[in-house]
>>> print(open('query.csv').read())   # CSV, C-alpha atoms
chain,number,residue,atom,x,y,z
A,1,MET,CA,47.1,-58.5,113.2
A,2,LYS,CA,44.1,-60.6,113.8
A,3,ARG,CA,45.7,-63.3,116.0
A,4,LEU,CA,48.9,-64.1,117.7
A,5,ASN,CA,51.3,-66.1,115.6
A,6,ASN,CA,55.0,-67.1,115.8
A,7,ASP,CA,56.1,-64.2,113.6
A,8,VAL,CA,54.4,-61.6,115.8
A,9,LEU,CA,55.9,-63.2,119.0
A,10,ASN,CA,59.4,-63.2,117.5
A,11,LYS,CA,59.1,-59.7,116.3
A,12,TYR,CA,57.9,-58.7,119.8
A,13,VAL,CA,60.9,-60.1,121.6
A,14,ASP,CA,63.2,-58.6,118.9
A,15,ASN,CA,61.5,-55.1,119.4
A,16,GLU,CA,60.5,-55.1,115.7
A,17,LEU,CA,56.8,-54.2,116.3
A,18,ASP,CA,55.7,-50.6,115.8
A,19,GLU,CA,53.4,-48.8,118.3
A,20,PHE,CA,50.2,-49.7,116.5
A,21,GLU,CA,51.2,-53.4,116.4
A,22,ILE,CA,52.1,-53.4,120.1
A,23,ASN,CA,48.7,-52.0,120.9
A,24,GLU,CA,47.0,-54.6,118.8
A,25,LEU,CA,49.0,-57.3,120.6
A,26,LYS,CA,48.0,-56.0,124.0
A,27,GLU,CA,44.3,-56.2,122.9
A,28,ILE,CA,44.7,-59.8,121.8
A,29,ILE,CA,46.5,-61.0,125.0
A,30,ASN,CA,44.0,-59.1,127.2
A,31,SER,CA,41.1,-61.0,125.6
A,32,ASN,CA,42.8,-64.3,125.3
A,33,PRO,CA,44.5,-66.0,128.3
A,34,GLU,CA,46.0,-68.6,126.0
A,35,ALA,CA,47.7,-65.9,124.0
A,36,GLN,CA,49.0,-64.4,127.2
A,37,LYS,CA,50.5,-67.7,128.1
A,38,GLN,CA,52.2,-68.0,124.8
A,39,LEU,CA,53.6,-64.5,125.0
A,40,ASN,CA,54.9,-65.1,128.5
A,41,ALA,CA,56.6,-68.4,127.5
A,42,HIS,CA,58.2,-66.8,124.4
A,43,GLU,CA,59.5,-63.9,126.5
A,44,MET,CA,60.8,-66.4,129.1
A,45,VAL,CA,62.8,-68.3,126.4
A,46,ASP,CA,64.3,-65.0,125.3
A,47,ILE,CA,65.2,-64.0,128.9
A,48,ILE,CA,66.8,-67.3,129.7
A,49,LEU,CA,68.7,-67.3,126.4
A,50,ARG,CA,70.0,-63.8,127.2
A,51,LYS,CA,71.5,-65.2,130.4
A,52,LEU,CA,73.4,-68.0,128.5
A,53,GLU,CA,77.1,-68.0,129.4
A,54,ALA,CA,80.0,-69.1,127.3
A,55,LYS,CA,81.7,-72.3,128.2
A,56,LYS,CA,85.1,-71.9,129.6
A,57,ALA,CA,87.9,-72.7,127.2
A,58,PRO,CA,90.5,-75.1,128.6
A,59,ALA,CA,93.2,-73.6,130.7
A,60,GLY,CA,96.6,-73.2,128.9
A,61,ILE,CA,95.1,-72.4,125.5
A,62,ASN,CA,96.6,-68.9,125.7
A,63,GLN,CA,100.1,-70.2,126.5
A,64,PHE,CA,99.9,-72.9,123.9
A,65,VAL,CA,98.9,-70.6,121.0
A,66,MET,CA,101.4,-67.8,122.1
A,67,ASP,CA,104.3,-70.3,122.3
A,68,LYS,CA,103.6,-71.4,118.7
A,69,ILE,CA,103.2,-67.8,117.5
A,70,LEU,CA,106.3,-66.5,119.2
A,71,ASN,CA,108.3,-69.3,117.6
A,72,ILE,CA,107.4,-68.3,114.1
A,73,PRO,CA,109.7,-65.3,113.7
A,74,GLN,CA,112.7,-67.4,114.9
A,75,SER,CA,112.1,-70.1,112.2
A,76,LYS,CA,111.7,-67.3,109.6
A,77,SER,CA,115.1,-65.8,110.4
A,78,LYS,CA,116.6,-69.2,110.1
A,79,VAL,CA,115.2,-69.6,106.6
A,80,ASN,CA,116.5,-66.1,105.7
A,81,TYR,CA,119.9,-67.1,106.9
A,82,PHE,CA,119.9,-70.1,104.6
A,83,PHE,CA,119.0,-67.9,101.7
A,84,VAL,CA,121.7,-65.4,102.4
A,85,SER,CA,124.2,-68.3,102.5
A,86,VAL,CA,123.0,-69.6,99.2
A,87,ILE,CA,123.3,-66.1,97.6
A,88,VAL,CA,126.8,-65.6,99.0
A,89,VAL,CA,128.0,-69.0,97.7
A,90,PHE,CA,126.5,-68.2,94.2
A,91,THR,CA,128.0,-64.8,94.0
A,92,THR,CA,131.4,-66.0,95.1
A,93,LEU,CA,131.4,-68.8,92.5
A,94,ILE,CA,130.2,-66.5,89.7
A,95,PHE,CA,132.8,-63.9,90.5
A,96,SER,CA,135.6,-66.6,90.8
A,97,SER,CA,134.6,-68.0,87.4
A,98,LEU,CA,134.6,-64.6,85.8
A,99,GLY,CA,137.9,-63.6,87.5
A,100,TYR,CA,139.5,-66.8,86.2
A,101,LEU,CA,138.2,-66.3,82.7
A,102,LEU,CA,139.4,-62.7,82.6
A,103,SER,CA,142.8,-63.7,83.9
A,104,GLN,CA,143.2,-65.9,80.9
A,105,VAL,CA,142.8,-62.9,78.7
A,106,ASN,CA,145.6,-60.5,78.1
A,107,PHE,CA,144.3,-57.0,77.9
A,108,GLY,CA,147.6,-55.4,77.1
A,109,GLU,CA,147.6,-56.7,73.6
A,110,SER,CA,144.2,-55.4,72.7
A,111,SER,CA,144.5,-51.8,73.6
A,112,SER,CA,147.6,-50.3,72.0
A,113,SER,CA,146.5,-46.7,72.6
A,114,THR,CA,145.4,-45.3,76.0
A,115,SER,CA,143.7,-42.5,74.2
A,116,LEU,CA,140.9,-44.7,73.0
A,117,GLY,CA,137.4,-44.3,74.5
A,118,VAL,CA,135.6,-46.9,76.6
A,119,LYS,CA,133.4,-47.8,73.6
A,120,GLU,CA,136.3,-48.3,71.4
A,121,LYS,CA,138.1,-50.4,74.1
A,122,ILE,CA,135.1,-52.7,74.4
A,123,ALA,CA,134.7,-53.0,70.7
A,124,ASN,CA,138.4,-53.8,70.3
A,125,PHE,CA,138.2,-56.4,73.2
A,126,VAL,CA,135.2,-58.1,71.6
A,127,SER,CA,136.7,-58.2,68.1
A,128,ASP,CA,140.0,-59.5,69.5
A,129,TYR,CA,138.8,-62.2,71.9
A,130,ILE,CA,135.4,-63.4,70.6
A,131,PRO,CA,137.1,-65.7,68.1
A,132,GLN,CA,139.2,-67.1,70.9
A,133,VAL,CA,136.1,-68.2,73.0
A,134,PRO,CA,135.7,-71.5,71.2
A,135,ALA,CA,139.4,-72.1,71.8
A,136,LEU,CA,138.9,-71.4,75.6
A,137,LEU,CA,136.0,-73.8,75.7
A,138,ASP,CA,138.2,-76.6,74.3
A,139,THR,CA,140.6,-76.4,77.1
A,140,SER,CA,140.5,-77.1,80.9
A,141,THR,CA,138.4,-74.0,81.3
A,142,LEU,CA,135.4,-75.9,80.1
A,143,LEU,CA,136.0,-78.5,82.8
A,144,PHE,CA,136.3,-75.7,85.4
A,145,ILE,CA,133.0,-74.1,84.3
A,146,GLY,CA,131.2,-77.4,84.3
A,147,GLY,CA,132.5,-78.3,87.7
A,148,SER,CA,131.6,-74.9,89.1
A,149,LEU,CA,128.0,-75.1,87.7
A,150,THR,CA,127.6,-78.6,89.1
A,151,VAL,CA,128.7,-77.5,92.6
A,152,VAL,CA,126.3,-74.5,92.4
A,153,LEU,CA,123.5,-76.7,91.3
A,154,LEU,CA,124.1,-79.3,94.1
A,155,ILE,CA,124.3,-76.6,96.8
A,156,SER,CA,121.2,-74.8,95.5
A,157,GLY,CA,119.4,-78.1,95.3
A,158,TYR,CA,120.3,-78.9,98.9
A,159,PHE,CA,119.0,-75.5,100.1
A,160,ILE,CA,115.8,-75.8,98.1
A,161,ILE,CA,115.1,-79.3,99.6
A,162,GLU,CA,115.9,-78.0,103.1
A,163,ASN,CA,113.6,-75.0,102.7
A,164,HIS,CA,110.8,-77.2,101.5
A,165,ARG,CA,111.2,-79.5,104.5
A,166,SER,CA,111.2,-76.6,106.9
A,167,PHE,CA,108.1,-75.2,105.2
A,168,LYS,CA,106.3,-78.6,105.4
A,169,SER,CA,107.1,-79.0,109.1
A,170,LYS,CA,105.9,-75.5,109.8
A,171,LEU,CA,102.7,-76.2,107.9
A,172,ASN,CA,102.2,-79.5,109.9
A,173,SER,CA,102.7,-77.6,113.2
A,174,PHE,CA,99.7,-75.5,112.3
A,175,THR,CA,97.4,-78.2,111.1
A,176,HIS,CA,98.1,-80.7,113.9
B,177,MET,CA,92.8,-48.4,132.1
B,178,LYS,CA,91.3,-47.9,128.6
B,179,LYS,CA,90.2,-51.1,127.0
B,180,LEU,CA,91.8,-51.5,123.6
B,181,THR,CA,89.5,-52.1,120.7
B,182,ASP,CA,90.1,-55.2,118.4
B,183,LEU,CA,91.4,-52.9,115.7
B,184,GLU,CA,93.9,-51.2,118.0
B,185,ILE,CA,95.2,-54.6,119.1
B,186,ILE,CA,95.4,-55.8,115.5
B,187,ASP,CA,97.4,-52.6,114.5
B,188,SER,CA,99.8,-53.3,117.4
B,189,ILE,CA,100.3,-57.0,116.3
B,190,LEU,CA,100.9,-56.0,112.7
B,191,LYS,CA,103.5,-53.5,114.0
B,192,GLY,CA,105.4,-56.5,115.4
B,193,ASN,CA,104.0,-56.7,118.9
B,194,HIS,CA,103.0,-60.4,118.5
B,195,GLY,CA,102.5,-60.8,122.2
B,196,ASP,CA,99.4,-58.6,122.0
B,197,PHE,CA,97.6,-61.4,120.2
B,198,SER,CA,97.1,-62.9,123.7
B,199,LEU,CA,94.6,-60.1,124.3
B,200,LEU,CA,92.5,-61.3,121.4
B,201,ILE,CA,92.8,-64.9,122.7
B,202,ASP,CA,91.5,-63.8,126.1
B,203,ARG,CA,88.7,-61.9,124.5
B,204,TYR,CA,87.4,-64.6,122.3
B,205,LYS,CA,88.5,-68.0,123.6
B,206,ASN,CA,85.4,-68.8,125.7
B,207,LYS,CA,82.9,-67.8,123.1
B,208,ALA,CA,84.7,-69.5,120.3
B,209,PHE,CA,85.0,-72.6,122.4
B,210,SER,CA,81.3,-72.7,123.0
B,211,LEU,CA,80.7,-72.6,119.3
B,212,LEU,CA,83.2,-75.4,118.6
B,213,LYS,CA,82.0,-77.6,121.4
B,214,ARG,CA,78.5,-77.5,119.9
B,215,ILE,CA,79.8,-78.3,116.4
B,216,LEU,CA,82.1,-81.1,117.5
B,217,ASN,CA,80.4,-82.5,120.5
B,218,ASN,CA,83.7,-83.3,122.0
B,219,GLU,CA,85.9,-81.2,124.4
B,220,MET,CA,89.3,-82.4,123.1
B,221,ASP,CA,88.4,-81.9,119.4
B,222,ALA,CA,87.0,-78.4,120.3
B,223,GLU,CA,90.2,-77.5,122.0
B,224,GLU,CA,92.3,-78.6,119.0
B,225,ALA,CA,90.0,-76.7,116.6
B,226,LEU,CA,90.3,-73.6,118.9
B,227,GLN,CA,94.1,-73.7,118.8
B,228,ASP,CA,94.0,-74.1,115.0
B,229,SER,CA,91.5,-71.2,114.7
B,230,PHE,CA,93.7,-68.8,116.6
B,231,LEU,CA,96.8,-69.8,114.7
B,232,LYS,CA,95.0,-69.4,111.4
B,233,ALA,CA,93.7,-66.0,112.5
B,234,PHE,CA,97.2,-64.9,113.5
B,235,ASN,CA,98.7,-66.1,110.2
B,236,SER,CA,96.0,-64.4,108.1
B,237,LEU,CA,95.8,-61.2,110.1
B,238,ASN,CA,97.4,-59.3,107.2
B,239,SER,CA,94.5,-60.3,105.0
B,240,PHE,CA,91.8,-59.0,107.4
B,241,ARG,CA,90.3,-56.2,105.3
B,242,ARG,CA,88.4,-54.4,108.1
B,243,ASP,CA,85.2,-54.1,106.0
B,244,SER,CA,83.6,-56.3,108.6
B,245,LYS,CA,84.1,-56.6,112.4
B,246,PHE,CA,87.1,-58.6,113.5
B,247,SER,CA,84.7,-60.9,115.5
B,248,THR,CA,82.7,-61.7,112.3
B,249,TRP,CA,85.9,-62.5,110.4
B,250,PHE,CA,87.3,-64.5,113.3
B,251,TYR,CA,84.1,-66.5,113.9
B,252,ARG,CA,84.0,-67.4,110.2
B,253,ILE,CA,87.5,-68.9,110.7
B,254,VAL,CA,86.3,-70.7,113.9
B,255,TYR,CA,83.1,-72.0,112.1
B,256,ASN,CA,85.0,-73.3,109.1
B,257,THR,CA,87.8,-74.8,111.2
B,258,GLY,CA,85.1,-76.6,113.3
B,259,LEU,CA,83.5,-78.0,110.1
B,260,THR,CA,87.0,-79.1,108.8
B,261,VAL,CA,87.9,-80.9,112.0
B,262,ALA,CA,84.5,-82.5,112.1
B,263,ALA,CA,85.0,-83.7,108.5
B,264,SER,CA,88.5,-85.0,109.4
B,265,LYS,CA,87.1,-86.9,112.3
B,266,LYS,CA,84.4,-88.3,110.0
B,267,ARG,CA,81.7,-87.0,112.2
B,268,LYS,CA,78.4,-87.4,110.6
B,269,ILE,CA,77.2,-83.9,110.9
B,270,GLU,CA,76.2,-83.5,107.3
B,271,LYS,CA,72.8,-84.9,108.0
B,272,GLU,CA,72.2,-82.4,110.7
B,273,MET,CA,73.6,-79.6,108.6
B,274,SER,CA,71.7,-80.5,105.5
B,275,SER,CA,68.9,-78.0,105.1
B,276,VAL,CA,67.3,-75.0,106.9
B,277,ASP,CA,63.9,-76.3,105.8
B,278,ASP,CA,64.3,-79.6,107.6
B,279,HIS,CA,62.0,-79.8,110.6
B,280,PHE,CA,63.2,-81.3,113.8
B,281,ASP,CA,61.6,-83.2,116.6
B,282,LEU,CA,62.9,-82.8,120.2
B,283,SER,CA,60.4,-85.2,121.8
B,284,ALA,CA,62.9,-88.1,122.1
B,285,GLU,CA,65.4,-86.1,124.1
B,286,ASP,CA,62.8,-83.9,125.9
B,287,ASP,CA,61.7,-86.5,128.5
B,288,MET,CA,65.2,-87.3,129.6
B,289,VAL,CA,66.3,-83.7,129.9
B,290,TYR,CA,63.1,-82.7,131.7
B,291,ALA,CA,63.6,-85.5,134.2
B,292,THR,CA,67.2,-84.5,135.0
B,293,THR,CA,66.8,-80.7,135.3
B,294,ASP,CA,65.4,-78.6,138.2
B,295,ASN,CA,64.2,-75.5,136.6
B,296,ALA,CA,63.3,-73.7,133.3
B,297,LYS,CA,66.8,-72.2,132.9
B,298,GLU,CA,68.6,-75.5,133.3
B,299,TYR,CA,66.1,-77.2,131.1
B,300,ILE,CA,66.4,-74.7,128.3
B,301,HIS,CA,70.2,-74.7,128.5
B,302,GLU,CA,70.2,-78.5,128.1
B,303,MET,CA,67.7,-78.4,125.3
B,304,ILE,CA,69.9,-76.1,123.3
B,305,ASN,CA,72.4,-78.9,123.0
B,306,LYS,CA,69.6,-81.1,121.6
B,307,LEU,CA,68.7,-78.6,118.8
B,308,PRO,CA,70.1,-79.4,115.3
B,309,VAL,CA,73.6,-78.0,114.9
B,310,ARG,CA,72.8,-75.0,112.8
B,311,HIS,CA,69.9,-74.0,115.0
B,312,ALA,CA,72.0,-74.2,118.1
B,313,LEU,CA,74.9,-72.3,116.5
B,314,VAL,CA,72.5,-69.4,115.6
B,315,ILE,CA,71.3,-69.3,119.2
B,316,ILE,CA,74.9,-69.3,120.5
B,317,LEU,CA,76.1,-66.6,118.1
B,318,PHE,CA,73.0,-64.4,118.7
B,319,TYR,CA,72.8,-64.7,122.5
B,320,ILE,CA,76.3,-65.5,123.7
B,321,ASP,CA,78.3,-63.7,121.1
B,322,ASN,CA,75.8,-60.9,120.7
B,323,MET,CA,76.0,-60.9,116.9
B,324,SER,CA,73.5,-59.4,114.6
B,325,LEU,CA,71.5,-61.7,112.3
B,326,ASN,CA,73.4,-60.2,109.4
B,327,GLU,CA,76.8,-61.0,111.0
B,328,ILE,CA,75.6,-64.5,111.8
B,329,SER,CA,74.6,-65.0,108.1
B,330,GLN,CA,78.1,-64.0,107.1
B,331,VAL,CA,79.8,-66.4,109.6
B,332,MET,CA,77.6,-69.3,108.6
B,333,ASP,CA,77.5,-68.4,104.9
B,334,ILE,CA,73.7,-68.6,104.7
B,335,SER,CA,71.1,-66.0,103.7
B,336,LEU,CA,69.8,-63.4,106.2
B,337,VAL,CA,66.3,-64.9,105.8
B,338,ASN,CA,67.5,-68.4,106.6
B,339,THR,CA,69.4,-67.1,109.6
B,340,LYS,CA,66.2,-65.5,110.9
B,341,VAL,CA,64.2,-68.7,110.2
B,342,LEU,CA,66.7,-70.8,112.2
B,343,LEU,CA,66.5,-68.4,115.2
B,344,HIS,CA,62.8,-68.1,115.2
B,345,ARG,CA,62.3,-71.9,114.8
B,346,SER,CA,64.6,-72.5,117.7
B,347,ARG,CA,62.8,-70.1,119.9
B,348,ASN,CA,59.4,-71.4,118.9
B,349,ALA,CA,60.5,-75.0,119.7
B,350,LEU,CA,61.9,-74.0,123.1
B,351,ARG,CA,58.7,-72.0,123.9
B,352,ASP,CA,56.5,-74.9,123.0
B,353,LEU,CA,58.5,-77.2,125.3
B,354,LEU,CA,58.2,-74.7,128.2
B,355,LEU,CA,54.4,-74.6,127.6
B,356,LYS,CA,54.3,-78.4,127.4
B,357,HIS,CA,55.9,-78.6,130.9
B,358,ASN,CA,54.0,-75.7,132.3
B,359,TYR,CA,57.1,-73.8,133.0
B,360,GLN,CA,55.4,-70.6,132.3
B,361,GLU,CA,53.9,-70.7,135.7
B,362,VAL,CA,57.4,-70.0,137.1
B,363,ILE,CA,57.5,-66.5,135.6
>>> encode(input="query.csv", output="structure tokens")
Amino acid sequence: MKRLNNDVLNKYVDNELDEFEINELKEIINSNPEAQKQLNAHEMVDIILRKLEAKKAPAGINQFVMDKILNIPQSKSKVNYFFVSVIVVFTTLIFSSLGYLLSQVNFGESSSSTSLGVKEKIANFVSDYIPQVPALLDTSTLLFIGGSLTVVLLISGYFIIENHRSFKSKLNSFTH
Amino acid sequence: MKKLTDLEIIDSILKGNHGDFSLLIDRYKNKAFSLLKRILNNEMDAEEALQDSFLKAFNSLNSFRRDSKFSTWFYRIVYNTGLTVAASKKRKIEKEMSSVDDHFDLSAEDDMVYATTDNAKEYIHEMINKLPVRHALVIILFYIDNMSLNEISQVMDISLVNTKVLLHRSRNALRDLLLKHNYQEVI
């Protein structure tokens, strides 16, 4: 260190100089009043900056943020309730359709012997009734299935749109 | 009463005690507001950005990986939110944010600030607001938020060397102004 420069001054206020460098710095400032002035001013800046205080945030920020945060779980549970409703409607419709279809089929004719195993019963059922499926589709059953599916699609579409709207409004509440 | 650490508060929030987030708001609102006010130069915009920052932090708390301090992670959200709000308000801060290598000249503002302040402390505090944005932000994060240069470089997404350059240049400029006005006599 031959002379005082910005790097040395900054290292000095940041306590990054070793003992040897500090002694060198002392020699320089003892022999050069201008260097002493510079060092003093640099230290003064550091001391003043250390006393900087944060600006006070506006009152009510805590309340505002917490109100928004504590409302989030409520809207979540609302969305979950919608989904549960959709699933219940779907399940009911599917089981009603299946029940109706099975009620059209006479099991008594297919299984003549109660001693047959489950595998055999299923095999018999399939071989007896699969050829009848096209016949079932030709009748009012087809209309019933089509109607049910349309209702299911309309209801699920409604809930998907509702869910999308709710998600968008929640997103907007965060960004605005 | 024992003061809870940031991580203890976060654990509590993640367990479902959402009300504990207010402890983090109390802890960081003033410091984050200081940073935003300097980025946006407007109290209302800074308040809006502060609200957004806290809500973003709350909603992303699950993704906080704990490989850095919460404060570093949070100030990164604050800094980026500030820049986003500034961009949405079409503030022309790009010029000020352009490059670390850009030199700045405070002489235009210096005379006015010097004439309206009574002492070195007031003068320096006012002149910080006249520094280019990134220089002022490094000063705020280093001196008010007590962050290390490494943490500041993570928040501002610049290299450690550049962070150091910004801090040193700011201090050098302020020192030269004190010398110019003979404030060193006050020590």
>>> residues_around(input="query.csv", residues="His311 in chain B", least_positions_apart="3", cutoff="7 Å", atoms="all atoms listed in the file", output="list in words")
Leu307, Pro308, Val314, Ile315, Leu342, Leu343 and Ser346 of chain B
>>> atom_distance(input="query.csv", atom1="CA of Leu353 in chain B", atom2="CA of Gln36 in chain A")
16.1 Å
>>> residues_near_point(input="query.csv", point="(57.5, -71.8, 129.3)", cutoff="12 Å", atoms="all atoms listed in the file", output="PDB file with C-alpha atoms, in the frame of the given file")
ATOM      1  CA  GLN A  36      49.000 -64.400 127.200  1.00  0.00           C
ATOM      2  CA  LYS A  37      50.500 -67.700 128.100  1.00  0.00           C
ATOM      3  CA  GLN A  38      52.200 -68.000 124.800  1.00  0.00           C
ATOM      4  CA  LEU A  39      53.600 -64.500 125.000  1.00  0.00           C
ATOM      5  CA  ASN A  40      54.900 -65.100 128.500  1.00  0.00           C
ATOM      6  CA  ALA A  41      56.600 -68.400 127.500  1.00  0.00           C
ATOM      7  CA  HIS A  42      58.200 -66.800 124.400  1.00  0.00           C
ATOM      8  CA  GLU A  43      59.500 -63.900 126.500  1.00  0.00           C
ATOM      9  CA  MET A  44      60.800 -66.400 129.100  1.00  0.00           C
ATOM     10  CA  VAL A  45      62.800 -68.300 126.400  1.00  0.00           C
ATOM     11  CA  ASP A  46      64.300 -65.000 125.300  1.00  0.00           C
ATOM     12  CA  ILE A  47      65.200 -64.000 128.900  1.00  0.00           C
ATOM     13  CA  ILE A  48      66.800 -67.300 129.700  1.00  0.00           C
TER      14      ILE A  48
ATOM     15  CA  ASN B 295      64.200 -75.500 136.600  1.00  0.00           C
ATOM     16  CA  ALA B 296      63.300 -73.700 133.300  1.00  0.00           C
ATOM     17  CA  LYS B 297      66.800 -72.200 132.900  1.00  0.00           C
ATOM     18  CA  TYR B 299      66.100 -77.200 131.100  1.00  0.00           C
ATOM     19  CA  ILE B 300      66.400 -74.700 128.300  1.00  0.00           C
ATOM     20  CA  ARG B 347      62.800 -70.100 119.900  1.00  0.00           C
ATOM     21  CA  ASN B 348      59.400 -71.400 118.900  1.00  0.00           C
ATOM     22  CA  ALA B 349      60.500 -75.000 119.700  1.00  0.00           C
ATOM     23  CA  LEU B 350      61.900 -74.000 123.100  1.00  0.00           C
ATOM     24  CA  ARG B 351      58.700 -72.000 123.900  1.00  0.00           C
ATOM     25  CA  ASP B 352      56.500 -74.900 123.000  1.00  0.00           C
ATOM     26  CA  LEU B 353      58.500 -77.200 125.300  1.00  0.00           C
ATOM     27  CA  LEU B 354      58.200 -74.700 128.200  1.00  0.00           C
ATOM     28  CA  LEU B 355      54.400 -74.600 127.600  1.00  0.00           C
ATOM     29  CA  LYS B 356      54.300 -78.400 127.400  1.00  0.00           C
ATOM     30  CA  HIS B 357      55.900 -78.600 130.900  1.00  0.00           C
ATOM     31  CA  ASN B 358      54.000 -75.700 132.300  1.00  0.00           C
ATOM     32  CA  TYR B 359      57.100 -73.800 133.000  1.00  0.00           C
ATOM     33  CA  GLN B 360      55.400 -70.600 132.300  1.00  0.00           C
ATOM     34  CA  GLU B 361      53.900 -70.700 135.700  1.00  0.00           C
ATOM     35  CA  VAL B 362      57.400 -70.000 137.100  1.00  0.00           C
ATOM     36  CA  ILE B 363      57.500 -66.500 135.600  1.00  0.00           C
TER      37      ILE B 363
END
>>> atom_distance(input="query.csv", atom1="CA of Thr257 in chain B", atom2="CA of Phe230 in chain B")
10.0 Å
>>> interface_residues(input="query.csv", of="chain A", to="chain B", cutoff="8 Å", atoms="only C-alpha atoms", output="number ranges by chain")
A: 6-7, 10, 37-38, 40-42, 44-46, 48-50, 52-58, 61-62, 64-66, 69-70, 174-176
>>> write_last_selection(input="query.csv", atoms="C-alpha atoms", output="PDB file, in the frame of the given file")
ATOM      1  CA  ASN A   6      55.000 -67.100 115.800  1.00  0.00           C
ATOM      2  CA  ASP A   7      56.100 -64.200 113.600  1.00  0.00           C
ATOM      3  CA  ASN A  10      59.400 -63.200 117.500  1.00  0.00           C
ATOM      4  CA  LYS A  37      50.500 -67.700 128.100  1.00  0.00           C
ATOM      5  CA  GLN A  38      52.200 -68.000 124.800  1.00  0.00           C
ATOM      6  CA  ASN A  40      54.900 -65.100 128.500  1.00  0.00           C
ATOM      7  CA  ALA A  41      56.600 -68.400 127.500  1.00  0.00           C
ATOM      8  CA  HIS A  42      58.200 -66.800 124.400  1.00  0.00           C
ATOM      9  CA  MET A  44      60.800 -66.400 129.100  1.00  0.00           C
ATOM     10  CA  VAL A  45      62.800 -68.300 126.400  1.00  0.00           C
ATOM     11  CA  ASP A  46      64.300 -65.000 125.300  1.00  0.00           C
ATOM     12  CA  ILE A  48      66.800 -67.300 129.700  1.00  0.00           C
ATOM     13  CA  LEU A  49      68.700 -67.300 126.400  1.00  0.00           C
ATOM     14  CA  ARG A  50      70.000 -63.800 127.200  1.00  0.00           C
ATOM     15  CA  LEU A  52      73.400 -68.000 128.500  1.00  0.00           C
ATOM     16  CA  GLU A  53      77.100 -68.000 129.400  1.00  0.00           C
ATOM     17  CA  ALA A  54      80.000 -69.100 127.300  1.00  0.00           C
ATOM     18  CA  LYS A  55      81.700 -72.300 128.200  1.00  0.00           C
ATOM     19  CA  LYS A  56      85.100 -71.900 129.600  1.00  0.00           C
ATOM     20  CA  ALA A  57      87.900 -72.700 127.200  1.00  0.00           C
ATOM     21  CA  PRO A  58      90.500 -75.100 128.600  1.00  0.00           C
ATOM     22  CA  ILE A  61      95.100 -72.400 125.500  1.00  0.00           C
ATOM     23  CA  ASN A  62      96.600 -68.900 125.700  1.00  0.00           C
ATOM     24  CA  PHE A  64      99.900 -72.900 123.900  1.00  0.00           C
ATOM     25  CA  VAL A  65      98.900 -70.600 121.000  1.00  0.00           C
ATOM     26  CA  MET A  66     101.400 -67.800 122.100  1.00  0.00           C
ATOM     27  CA  ILE A  69     103.200 -67.800 117.500  1.00  0.00           C
ATOM     28  CA  LEU A  70     106.300 -66.500 119.200  1.00  0.00           C
ATOM     29  CA  PHE A 174      99.700 -75.500 112.300  1.00  0.00           C
ATOM     30  CA  THR A 175      97.400 -78.200 111.100  1.00  0.00           C
ATOM     31  CA  HIS A 176      98.100 -80.700 113.900  1.00  0.00           C
TER      32      HIS A 176
END
>>> residues_around(input="query.csv", residues="Val151 in chain A", least_positions_apart="6", cutoff="12 Å", atoms="all atoms listed in the file", output="list of chain:residue names")
A:Val86, A:Val89, A:Phe90, A:Leu93, A:Ile94, A:Phe144, A:Ile145, A:Gly157, A:Tyr158
>>> closest_residue(input="query.csv", among="B:Asn256, B:Ser244, B:Asn217, B:Ser324", to="Asp14 in chain A", atoms="all atoms listed in the file")
B:Ser324
